[in-house]
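Chemist: What follows is coords36.cif, mmCIF, C-alpha atoms.
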```cif
data_query
#
loop_
_atom_site.label_atom_id
_atom_site.label_comp_id
_atom_site.auth_asym_id
_atom_site.auth_seq_id
_atom_site.Cartn_x
_atom_site.Cartn_y
_atom_site.Cartn_z
CA MET E 899 57.14 127.59 95.50
CA GLN E 900 54.18 129.58 94.17
CA SER E 901 50.91 128.79 95.96
CA PHE E 902 47.25 129.63 96.07
CA GLU E 903 44.63 129.51 98.80
CA PHE E 904 41.36 127.61 98.54
CA PHE E 905 38.63 128.86 100.90
CA TYR E 906 35.70 126.46 101.08
CA ASP E 907 32.73 125.27 103.05
CA PHE E 908 31.43 121.69 102.91
CA SER E 909 27.94 123.15 102.44
CA SER E 910 28.92 124.70 99.09
CA PRO E 911 28.44 122.50 96.00
CA TYR E 912 30.74 124.63 93.87
CA SER E 913 33.37 124.21 96.60
CA TYR E 914 32.96 120.44 96.25
CA LEU E 915 33.47 120.70 92.49
CA ALA E 916 36.55 122.85 93.06
CA SER E 917 37.88 120.35 95.63
CA THR E 918 38.03 117.72 92.87
CA GLN E 919 40.20 120.01 90.72
CA VAL E 920 42.45 122.17 92.92
CA GLU E 921 45.21 119.58 93.20
CA ARG E 922 45.24 119.11 89.42
CA VAL E 923 45.44 122.89 88.92
CA ALA E 924 48.27 123.12 91.46
CA ARG E 925 50.15 120.31 89.70
CA GLU E 926 49.66 121.84 86.25
CA ALA E 927 50.83 125.24 87.51
CA GLY E 928 53.75 123.81 89.47
CA ALA E 929 52.24 125.38 92.57
CA ALA E 930 50.96 124.36 96.00
CA VAL E 931 47.36 124.67 97.13
CA ARG E 932 46.52 125.61 100.70
CA PHE E 933 43.17 124.28 101.97
CA ARG E 934 41.38 126.84 104.15
CA PRO E 935 37.93 125.96 105.49
CA PHE E 936 35.66 128.90 106.32
CA PHE E 937 32.01 129.33 107.26
CA LEU E 938 30.02 130.49 104.24
CA GLY E 939 26.98 131.46 106.32
CA GLY E 940 29.25 133.91 108.16
CA VAL E 941 30.51 135.29 104.87
CA PHE E 942 27.00 135.93 103.53
CA LYS E 943 26.04 137.57 106.81
CA ALA E 944 29.13 139.80 106.80
CA VAL E 945 28.75 141.04 103.21
CA ASN E 946 24.94 141.13 103.10
CA GLY E 947 25.07 138.43 100.42
CA HIS E 948 22.31 136.14 99.26
CA PRO E 949 22.55 132.34 99.13
CA PRO E 950 21.31 131.10 95.74
CA PHE E 951 18.42 129.14 97.22
CA GLU E 952 16.76 132.47 98.08
CA THR E 953 15.95 132.94 94.37
CA PRO E 954 14.04 129.86 93.10
CA ALA E 955 14.92 130.36 89.40
CA LYS E 956 18.59 130.72 90.33
CA PHE E 957 18.49 127.61 92.48
CA GLN E 958 16.78 125.65 89.71
CA HIS E 959 19.50 126.63 87.25
CA MET E 960 22.21 125.90 89.82
CA ILE E 961 21.16 122.26 90.09
CA VAL E 962 21.41 121.84 86.30
CA ASP E 963 24.66 123.78 86.14
CA LEU E 964 26.24 121.66 88.88
CA ALA E 965 25.38 118.51 86.95
CA ARG E 966 27.00 119.97 83.82
CA TRP E 967 30.24 120.66 85.70
CA ALA E 968 30.25 117.24 87.36
CA LYS E 969 29.90 115.65 83.93
CA ARG E 970 32.74 117.77 82.56
CA TYR E 971 34.97 116.89 85.51
CA ARG E 972 33.80 113.25 85.43
CA VAL E 973 33.04 113.28 89.14
CA PRO E 974 29.93 112.03 90.92
CA PHE E 975 27.37 114.59 92.02
CA ASN E 976 24.08 114.28 93.86
CA MET E 977 22.07 116.99 95.60
CA PRO E 978 21.91 116.10 99.30
CA ALA E 979 18.59 115.35 100.94
CA GLN E 980 19.41 117.92 103.59
CA PHE E 981 19.93 121.38 102.12
CA PRO E 982 21.29 123.80 103.23
CA VAL E 983 23.94 121.48 104.66
CA PRO E 984 24.71 122.00 108.37
CA SER E 985 28.50 122.11 108.07
CA ILE E 986 29.75 124.03 111.06
CA THR E 987 30.81 121.10 113.26
CA ALA E 988 32.62 119.46 110.35
CA LEU E 989 34.37 122.77 109.54
CA ARG E 990 35.58 123.16 113.13
CA ALA E 991 36.67 119.50 113.12
CA ALA E 992 38.56 120.21 109.88
CA LEU E 993 40.66 122.80 111.71
CA ALA E 994 41.41 120.17 114.38
CA ALA E 995 42.33 117.75 111.59
CA GLU E 996 44.67 120.41 110.20
CA LYS E 997 46.66 120.39 113.46
CA ALA E 998 47.12 116.64 112.96
CA GLY E 999 48.19 117.10 109.35
CA GLN E 1000 44.95 115.54 108.08
CA LEU E 1001 43.06 118.54 106.71
CA VAL E 1002 43.15 117.57 103.06
CA PRO E 1003 42.00 113.92 103.33
CA PHE E 1004 39.43 114.90 105.97
CA SER E 1005 38.05 117.61 103.67
CA HIS E 1006 37.85 115.31 100.66
CA ALA E 1007 35.99 112.76 102.79
CA MET E 1008 33.42 115.35 103.93
CA PHE E 1009 32.91 116.73 100.42
CA ARG E 1010 32.39 113.28 98.94
CA ALA E 1011 30.03 112.28 101.72
CA VAL E 1012 27.76 115.28 101.18
CA TRP E 1013 27.89 115.80 97.41
CA ALA E 1014 28.48 112.32 96.01
CA ASP E 1015 27.25 109.83 98.62
CA SER E 1016 24.18 111.70 99.95
CA LYS E 1017 25.37 111.41 103.54
CA GLU E 1018 24.68 113.87 106.32
CA ILE E 1019 27.48 115.54 108.28
CA GLY E 1020 25.50 117.51 110.85
CA ASP E 1021 26.19 115.22 113.81
CA PRO E 1022 29.54 114.27 115.36
CA ALA E 1023 28.78 110.54 115.02
CA GLN E 1024 28.13 110.94 111.28
CA ILE E 1025 31.39 112.82 110.80
CA VAL E 1026 33.37 110.17 112.67
CA SER E 1027 31.73 107.36 110.72
CA ILE E 1028 32.41 109.01 107.33
CA ALA E 1029 36.02 109.80 108.21
CA ARG E 1030 36.54 106.24 109.45
CA ALA E 1031 35.33 104.85 106.12
CA ALA E 1032 37.98 107.07 104.52
CA GLY E 1033 40.66 105.60 106.80
CA LEU E 1034 40.82 108.51 109.23
CA ASP E 1035 40.40 108.42 112.97
CA ALA E 1036 38.29 111.55 113.30
CA GLU E 1037 37.11 111.06 116.87
CA PRO E 1038 39.80 113.38 118.28
CA PHE E 1039 39.01 115.99 115.62
CA VAL E 1040 35.32 115.99 116.45
CA ALA E 1041 36.08 115.99 120.16
CA ALA E 1042 38.26 119.09 119.67
CA ALA E 1043 35.83 120.81 117.26
CA ALA E 1044 34.42 123.21 119.84
CA GLU E 1045 37.93 124.43 120.66
CA HIS E 1046 38.24 125.64 117.06
CA LYS E 1047 35.16 127.82 117.05
CA ASP E 1048 37.16 131.05 117.29
CA ALA E 1049 39.74 129.86 114.76
CA LEU E 1050 36.99 129.17 112.20
CA ARG E 1051 35.48 132.57 112.85
CA ALA E 1052 38.89 134.23 112.47
CA GLN E 1053 39.58 132.40 109.21
CA THR E 1054 36.16 133.47 107.91
CA GLU E 1055 36.72 137.09 108.95
CA GLU E 1056 40.14 137.06 107.31
CA ALA E 1057 38.63 135.94 104.00
CA VAL E 1058 35.91 138.61 104.22
CA SER E 1059 38.46 141.31 105.03
CA ARG E 1060 40.35 140.27 101.91
CA GLY E 1061 37.24 140.62 99.75
CA ALA E 1062 35.52 137.22 99.86
CA PHE E 1063 31.74 137.15 99.36
CA GLY E 1064 31.03 133.54 98.36
CA ALA E 1065 32.57 130.09 97.93
CA PRO E 1066 34.84 128.71 96.74
CA THR E 1067 37.19 131.68 96.94
CA PHE E 1068 40.76 131.46 95.72
CA PHE E 1069 43.63 133.83 96.35
CA VAL E 1070 46.83 134.10 94.37
CA GLY E 1071 48.56 136.61 96.61
CA ASP E 1072 46.01 139.41 96.91
CA GLU E 1073 44.16 138.49 93.73
CA LEU E 1074 40.72 137.05 94.47
CA PHE E 1075 38.88 134.57 92.24
CA LEU E 1076 35.36 133.31 92.90
CA GLY E 1077 34.04 129.94 91.79
CA ASN E 1078 35.28 126.66 90.41
CA ASP E 1079 34.66 128.21 86.97
CA ARG E 1080 37.52 130.64 87.58
CA LEU E 1081 40.16 127.96 88.23
CA ASP E 1082 41.58 128.49 84.75
CA PHE E 1083 42.16 132.15 85.66
CA VAL E 1084 43.82 130.97 88.90
CA LYS E 1085 46.13 128.75 86.88
CA GLU E 1086 46.96 131.60 84.50
CA ALA E 1087 47.76 133.90 87.42
CA LEU E 1088 50.05 131.27 88.94
CA LEU E 1089 51.88 130.72 85.67
CA ALA E 1090 52.14 134.48 85.02
CA ALA E 1091 53.73 135.00 88.44
CA LYS E 1092 56.55 132.55 87.72
CA MET T 1492 19.94 124.60 61.18
CA GLN T 1493 20.53 124.30 64.94
CA SER T 1494 20.25 127.61 66.79
CA PHE T 1495 20.48 129.23 70.19
CA GLU T 1496 18.93 132.31 71.71
CA PHE T 1497 20.91 135.13 73.30
CA PHE T 1498 18.91 137.25 75.77
CA TYR T 1499 20.75 140.44 76.73
CA ASP T 1500 20.48 143.94 78.08
CA PHE T 1501 22.87 146.74 77.09
CA SER T 1502 23.19 147.53 80.81
CA SER T 1503 24.79 144.14 81.52
CA PRO T 1504 28.60 143.98 81.20
CA TYR T 1505 28.62 140.18 80.95
CA SER T 1506 26.09 140.54 78.12
CA TYR T 1507 28.56 142.83 76.36
CA LEU T 1508 31.33 140.26 76.78
CA ALA T 1509 29.00 137.57 75.43
CA SER T 1510 28.04 139.79 72.47
CA THR T 1511 31.67 139.72 71.36
CA GLN T 1512 31.66 135.89 71.32
CA VAL T 1513 28.23 134.59 70.34
CA GLU T 1514 28.84 134.79 66.60
CA ARG T 1515 32.13 132.89 66.98
CA VAL T 1516 30.36 130.22 69.08
CA ALA T 1517 27.61 129.95 66.49
CA ARG T 1518 30.15 129.58 63.69
CA GLU T 1519 32.17 126.96 65.58
CA ALA T 1520 29.02 124.99 66.37
CA GLY T 1521 27.62 125.35 62.86
CA ALA T 1522 24.57 127.01 64.40
CA ALA T 1523 22.67 130.28 64.22
CA VAL T 1524 22.38 132.76 67.07
CA ARG T 1525 19.19 134.70 67.63
CA PHE T 1526 19.63 138.09 69.34
CA ARG T 1527 16.84 138.78 71.84
CA PRO T 1528 17.00 142.01 73.87
CA PHE T 1529 15.20 141.97 77.20
CA PHE T 1530 14.99 144.28 80.21
CA LEU T 1531 17.20 142.97 83.01
CA GLY T 1532 15.65 145.26 85.62
CA GLY T 1533 12.32 143.58 84.87
CA VAL T 1534 13.90 140.17 85.24
CA PHE T 1535 15.38 140.98 88.66
CA LYS T 1536 12.05 142.38 89.76
CA ALA T 1537 10.14 139.33 88.57
CA VAL T 1538 12.41 136.73 90.22
CA ASN T 1539 13.27 138.74 93.35
CA GLY T 1540 16.89 138.76 92.20
CA HIS T 1541 19.70 141.02 93.31
CA PRO T 1542 21.86 143.11 90.97
CA PRO T 1543 25.56 142.62 91.85
CA PHE T 1544 26.08 146.25 92.81
CA GLU T 1545 23.89 145.65 95.87
CA THR T 1546 26.78 143.71 97.45
CA PRO T 1547 29.93 145.92 97.46
CA ALA T 1548 32.43 143.02 97.72
CA LYS T 1549 30.69 141.29 94.80
CA PHE T 1550 30.73 144.44 92.71
CA GLN T 1551 34.40 145.00 93.48
CA HIS T 1552 35.23 141.48 92.28
CA MET T 1553 33.00 141.88 89.23
CA ILE T 1554 35.05 144.80 87.96
CA VAL T 1555 38.26 142.76 88.21
CA ASP T 1556 36.60 139.68 86.73
CA LEU T 1557 35.24 141.64 83.75
CA ALA T 1558 38.74 142.93 83.00
CA ARG T 1559 40.08 139.35 83.10
CA TRP T 1560 37.47 138.21 80.57
CA ALA T 1561 38.07 141.21 78.30
CA LYS T 1562 41.78 140.39 78.30
CA ARG T 1563 41.08 136.75 77.48
CA TYR T 1564 38.72 137.71 74.66
CA ARG T 1565 41.06 140.54 73.51
CA VAL T 1566 38.24 143.05 73.48
CA PRO T 1567 38.19 146.56 74.94
CA PHE T 1568 36.43 147.06 78.25
CA ASN T 1569 35.84 150.14 80.39
CA MET T 1570 33.38 150.62 83.22
CA PRO T 1571 30.95 153.36 82.19
CA ALA T 1572 30.78 156.59 84.14
CA GLN T 1573 27.03 156.09 84.45
CA PHE T 1574 26.16 152.88 86.28
CA PRO T 1575 23.63 151.32 86.36
CA VAL T 1576 23.21 152.04 82.67
CA PRO T 1577 19.77 153.41 81.65
CA SER T 1578 19.13 151.07 78.75
CA ILE T 1579 15.39 150.90 78.31
CA THR T 1580 15.03 153.34 75.39
CA ALA T 1581 17.89 151.65 73.52
CA LEU T 1582 16.31 148.23 74.16
CA ARG T 1583 12.97 149.37 72.76
CA ALA T 1584 14.77 150.95 69.80
CA ALA T 1585 16.55 147.62 69.28
CA LEU T 1586 13.19 145.95 68.74
CA ALA T 1587 12.36 148.63 66.17
CA ALA T 1588 15.75 147.98 64.55
CA GLU T 1589 14.87 144.28 64.43
CA LYS T 1590 11.84 145.03 62.24
CA ALA T 1591 14.23 146.76 59.83
CA GLY T 1592 16.65 143.82 59.87
CA GLN T 1593 19.23 145.85 61.81
CA LEU T 1594 19.05 144.31 65.29
CA VAL T 1595 22.53 142.76 65.32
CA PRO T 1596 24.57 145.78 64.12
CA PHE T 1597 22.47 148.11 66.26
CA SER T 1598 23.10 145.93 69.33
CA HIS T 1599 26.84 145.71 68.72
CA ALA T 1600 26.95 149.50 68.36
CA MET T 1601 25.14 150.03 71.70
CA PHE T 1602 27.30 147.49 73.53
CA ARG T 1603 30.53 149.02 72.23
CA ALA T 1604 29.36 152.52 73.06
CA VAL T 1605 28.62 151.66 76.68
CA TRP T 1606 31.33 149.12 77.57
CA ALA T 1607 34.26 150.09 75.36
CA ASP T 1608 33.82 153.76 74.45
CA SER T 1609 32.37 155.11 77.73
CA LYS T 1610 29.41 156.68 75.97
CA GLU T 1611 25.95 157.17 77.41
CA ILE T 1612 22.84 155.71 75.79
CA GLY T 1613 20.12 157.09 78.03
CA ASP T 1614 18.87 159.77 75.63
CA PRO T 1615 17.44 159.37 72.11
CA ALA T 1616 19.96 161.85 70.66
CA GLN T 1617 22.88 159.84 72.08
CA ILE T 1618 21.50 156.61 70.63
CA VAL T 1619 21.06 158.17 67.19
CA SER T 1620 24.55 159.66 67.26
CA ILE T 1621 26.19 156.35 68.26
CA ALA T 1622 24.26 154.37 65.68
CA ARG T 1623 25.13 156.92 63.00
CA ALA T 1624 28.84 156.55 63.78
CA ALA T 1625 28.32 152.81 63.20
CA GLY T 1626 26.74 153.50 59.81
CA LEU T 1627 23.13 153.04 60.90
CA ASP T 1628 20.28 155.46 60.50
CA ALA T 1629 18.71 154.95 63.93
CA GLU T 1630 16.38 157.93 63.95
CA PRO T 1631 13.38 155.84 62.87
CA PHE T 1632 14.23 153.18 65.47
CA VAL T 1633 14.35 155.72 68.28
CA ALA T 1634 11.20 157.40 66.99
CA ALA T 1635 9.42 154.05 67.12
CA ALA T 1636 10.90 153.00 70.47
CA ALA T 1637 7.80 153.79 72.51
CA GLU T 1638 5.70 151.56 70.25
CA HIS T 1639 7.85 148.61 71.35
CA LYS T 1640 7.31 149.01 75.06
CA ASP T 1641 4.88 146.10 75.23
CA ALA T 1642 7.02 143.92 72.96
CA LEU T 1643 10.04 144.42 75.22
CA ARG T 1644 7.96 143.57 78.26
CA ALA T 1645 6.60 140.47 76.54
CA GLN T 1646 10.09 139.33 75.53
CA THR T 1647 11.27 139.85 79.13
CA GLU T 1648 8.30 137.95 80.55
CA GLU T 1649 8.88 135.13 78.10
CA ALA T 1650 12.49 134.76 79.27
CA VAL T 1651 11.41 134.79 82.92
CA SER T 1652 8.70 132.21 82.26
CA ARG T 1653 11.37 129.97 80.73
CA GLY T 1654 13.59 130.28 83.82
CA ALA T 1655 15.77 133.36 83.23
CA PHE T 1656 17.02 135.22 86.32
CA GLY T 1657 20.00 137.23 84.99
CA ALA T 1658 21.92 138.18 81.87
CA PRO T 1659 23.16 137.09 79.48
CA THR T 1660 20.83 134.10 79.26
CA PHE T 1661 21.16 131.53 76.50
CA PHE T 1662 18.72 128.87 75.44
CA VAL T 1663 19.45 125.79 73.38
CA GLY T 1664 15.89 124.59 73.01
CA ASP T 1665 14.63 124.49 76.61
CA GLU T 1666 18.11 124.27 78.14
CA LEU T 1667 19.04 127.49 79.93
CA PHE T 1668 22.60 128.74 80.40
CA LEU T 1669 23.55 131.83 82.39
CA GLY T 1670 26.60 133.96 81.73
CA ASN T 1671 29.28 134.46 79.10
CA ASP T 1672 31.29 131.92 81.10
CA ARG T 1673 28.85 129.21 80.09
CA LEU T 1674 29.24 129.72 76.32
CA ASP T 1675 31.42 126.61 76.11
CA PHE T 1676 28.52 124.61 77.58
CA VAL T 1677 26.23 126.23 74.99
CA LYS T 1678 28.58 125.13 72.24
CA GLU T 1679 28.72 121.59 73.63
CA ALA T 1680 24.94 121.43 73.77
CA LEU T 1681 24.68 122.61 70.16
CA LEU T 1682 27.21 120.05 68.98
CA ALA T 1683 25.58 117.27 71.03
CA ALA T 1684 22.20 118.02 69.44
CA LYS T 1685 23.52 117.47 65.90
#
```
Just give me the structure of the file as structure tokens.

Modeler:
Amino acid sequence: MQSFEFFYDFSSPYSYLASTQVERVAREAGAAVRFRPFFLGGVFKAVNGHPPFETPAKFQHMIVDLARWAKRYRVPFNMPAQFPVPSITALRAALAAEKAGQLVPFSHAMFRAVWADSKEIGDPAQIVSIARAAGLDAEPFVAAAAEHKDALRAQTEEAVSRGAFGAPTFFVGDELFLGNDRLDFVKEALLAAK
Amino acid sequence: MQSFEFFYDFSSPYSYLASTQVERVAREAGAAVRFRPFFLGGVFKAVNGHPPFETPAKFQHMIVDLARWAKRYRVPFNMPAQFPVPSITALRAALAAEKAGQLVPFSHAMFRAVWADSKEIGDPAQIVSIARAAGLDAEPFVAAAAEHKDALRAQTEEAVSRGAFGAPTFFVGDELFLGNDRLDFVKEALLAAK
């Protein structure tokens, strides 16, 4: 089965938007999507990139643009009170959740918490509480988060070595696509490879 | 009649892509498009922005992404030998062309020269030669280019004061849209305003 990779960080609003669509795209393309959390701060550092909030006019437009996409996708969207979002513990916990076969529901729960429900995910107790509301027992994931520090770094470095410079990043084989707004190109690439 | 503004610089490849689509969008939305050259270097300077070629991974992806869009639009696209493109004389000449009612054909000729035909537009003689091949007598525009230095700066400052931070930038009234990939949002906004 054809597949594509979805690299994301819970701190990235365009990753949240993409998270609401990747399973639809996979279904429409008859492909599988592989969820791959990475640390966007590490990506920016590695490529000498610039987070959008460094340029006020860009940030201002981003907030409007995000609302336009949310309306198009018919998904809830609210800027979090806490921005940038401290996501690293949740990302490491996501890799622990992956070992338990719970990466996808755990990731959806974190994305919704931050970008729809205005909840904070910086602290272990917040992560556990959010995951519990989504029907997941995340205590073991959070407890094992620290053990996945190196794995998160390795996953981030892998993405950078393959050309990533922002989020969300998609790969169809070696082909890189940046942004939820390139998901139609991802779908085309999947269909063309059939 | 409803209308939208199209701010562009000949040095911007996404502005070129947009230039091949704005008249179609206008037609489909039953609206008019107003061509408004501005100086992207001045925009970046004013907003503390970063041209994409400052981040190698971003630039690498941009080249691939541009080719994807050109294929979708079925328009020719070639990266110019000279990059960044020295566009300021052509931009000033475009404002002179506007006074003669020739802004749109002049702009299409410059865009095609740079992004399809791998021609340079840095020198007055090159601009005149390209415009002549497109059936335009551009000698008076180039001769008057220097007189439009302040007008180009004013147009650039106006865009920045209204929130612009890159190119192409579109306005539907006060609503700002960045990038050829947002033209469908522009069309929706035009139709919604009817």

Chemist: Env of region 997-1003 of chain E: 10 Å cut, atoms = all atoms listed in the file, seq-sep filter 3 positions within chain, self excluded. Answer as a PyMOL selection string.

Modeler: chain E and resi 917+932-935+991-994+1006-1009+1029+1032-1036+1038-1039

Chemist: From the list T:Ala1655, T:Ala1624, T:Leu1674, T:Ala1680, which residue is nearest Ala1537 (chain T) when using all atoms listed in the file?

Modeler: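 Under the stated criterion, the closest residue is T:Ala1655.
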
Chemist: Using Å and a single decimal, report how far CA of Phe1656 (chain T) sits from CA of Ala955 (chain E).

Modeler: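 Computing it gives 6.1 Å between the two atoms.
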
Chemist: Starting from the shown file, work through the PyMOL selection byres ((chain T and resi 1549) around 12) and note down what comes out as a VMD selection string.

Modeler: (chain E and resid 941 to 942 945 to 948 1058 1061 to 1065 1067 1074 to 1076) or (chain T and resid 1541 to 1548 1550 to 1557)

Chemist: Could you state which residues are captured by the PyMOL selection byres ((chain E and resi 982) around 9) in this file, as a VMD selection string?

Modeler: chain E and resid 909 to 910 951 978 980 to 981 983 to 985

Chemist: Which residues, named as in the file, does the PyMOL selection byres ((chain E and resi 936) around 7) pick out? Answer as a ChimeraX atom specification.

Modeler: /E:905-907,934-935,937-938,1050,1053-1054

Chemist: Of the candidates T:Ala1645, T:Leu1508, T:Ala1634, T:Val1513, which shows the shortest atom-to-atom distance to Phe1661 (chain T), using all atoms listed in the file?

Modeler: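 Answer, going by the shortest atom-to-atom distance: T:Val1513.
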
Chemist: In terms of the shortest atom-to-atom distance over only C-alpha atoms, which of E:Ser913, E:Gln919, E:Ile1025, E:Val931 is closest to Met899 (chain E)?

Modeler: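 When distances to Met899 (chain E) are compared using only C-alpha atoms, the smallest one comes from E:Val931.
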
Chemist: Using Å and a single decimal, report how far CA of Arg922 (chain E) sits from CA of Asp1079 (chain E).

Modeler: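 So the two atoms, CA of Asp1079 (chain E) and CA of Arg922 (chain E), lie 14.2 Å apart.
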
Chemist: What is the distance, in Å and to one decimal place, between CA of Arg990 (chain E) and CA of Ser1059 (chain E)?

Modeler: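 One can read the CA of Arg990 (chain E) to CA of Ser1059 (chain E) distance as 20.1 Å.
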
Chemist: For region 1616-1626 of chain T, what centre and edge lengths in Å (one decimal) does the axis-aligned box get once 4 Å is added on each side of all its listed atoms, as lines of an AutoDock Vina configuration file?

Modeler:
```
center_x = 24.4
center_y = 157.3
center_z = 65.9
size_x = 16.9
size_y = 17.0
size_z = 20.3
```

Chemist: If you count only C-alpha atoms, which residues fall within 10 Å of Ala1090 (chain E), apart from same-chain ones fewer than 5 positions away, as a compact mmCIF listing (two decimals) with C-alpha atoms, keeping the file's coordinate frame?

Modeler:
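New file around-v1.txt:
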```
# COMPACT_ATOMS: atom_id res chain seq x y z
CA ALA E 927 50.83 125.24 87.51
CA VAL E 1084 43.82 130.97 88.90
CA LYS E 1085 46.13 128.75 86.88
```

Chemist: Show which residues sit within 9 Å of Val1566 (chain T), as a list of chain:residue names. Count all atoms listed in the file, and ignore same-chain residues fewer than 3 positions away.

Modeler: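 So, after excluding close chain neighbours, the residues are T:Leu1508, T:Thr1511, T:Trp1560, T:Ala1561, T:Lys1562, T:Arg1563, T:Ala1607.
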
Chemist: For each of T:Tyr1507, T:Phe1497, T:Phe1676, T:Phe1662, take the minimum atom-to-atom distance to chain E, counting all atoms listed in the file, then give the residue where this is smallest.

Modeler: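 Closest candidate: T:Phe1676.
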
Chemist: Out of E:Asp1015, E:Asp1072, E:Asp1021, E:Glu926, which residue has the shortest atom-to-atom distance to Ala988 (chain E) when counting only C-alpha atoms?

Modeler: E:Asp1021
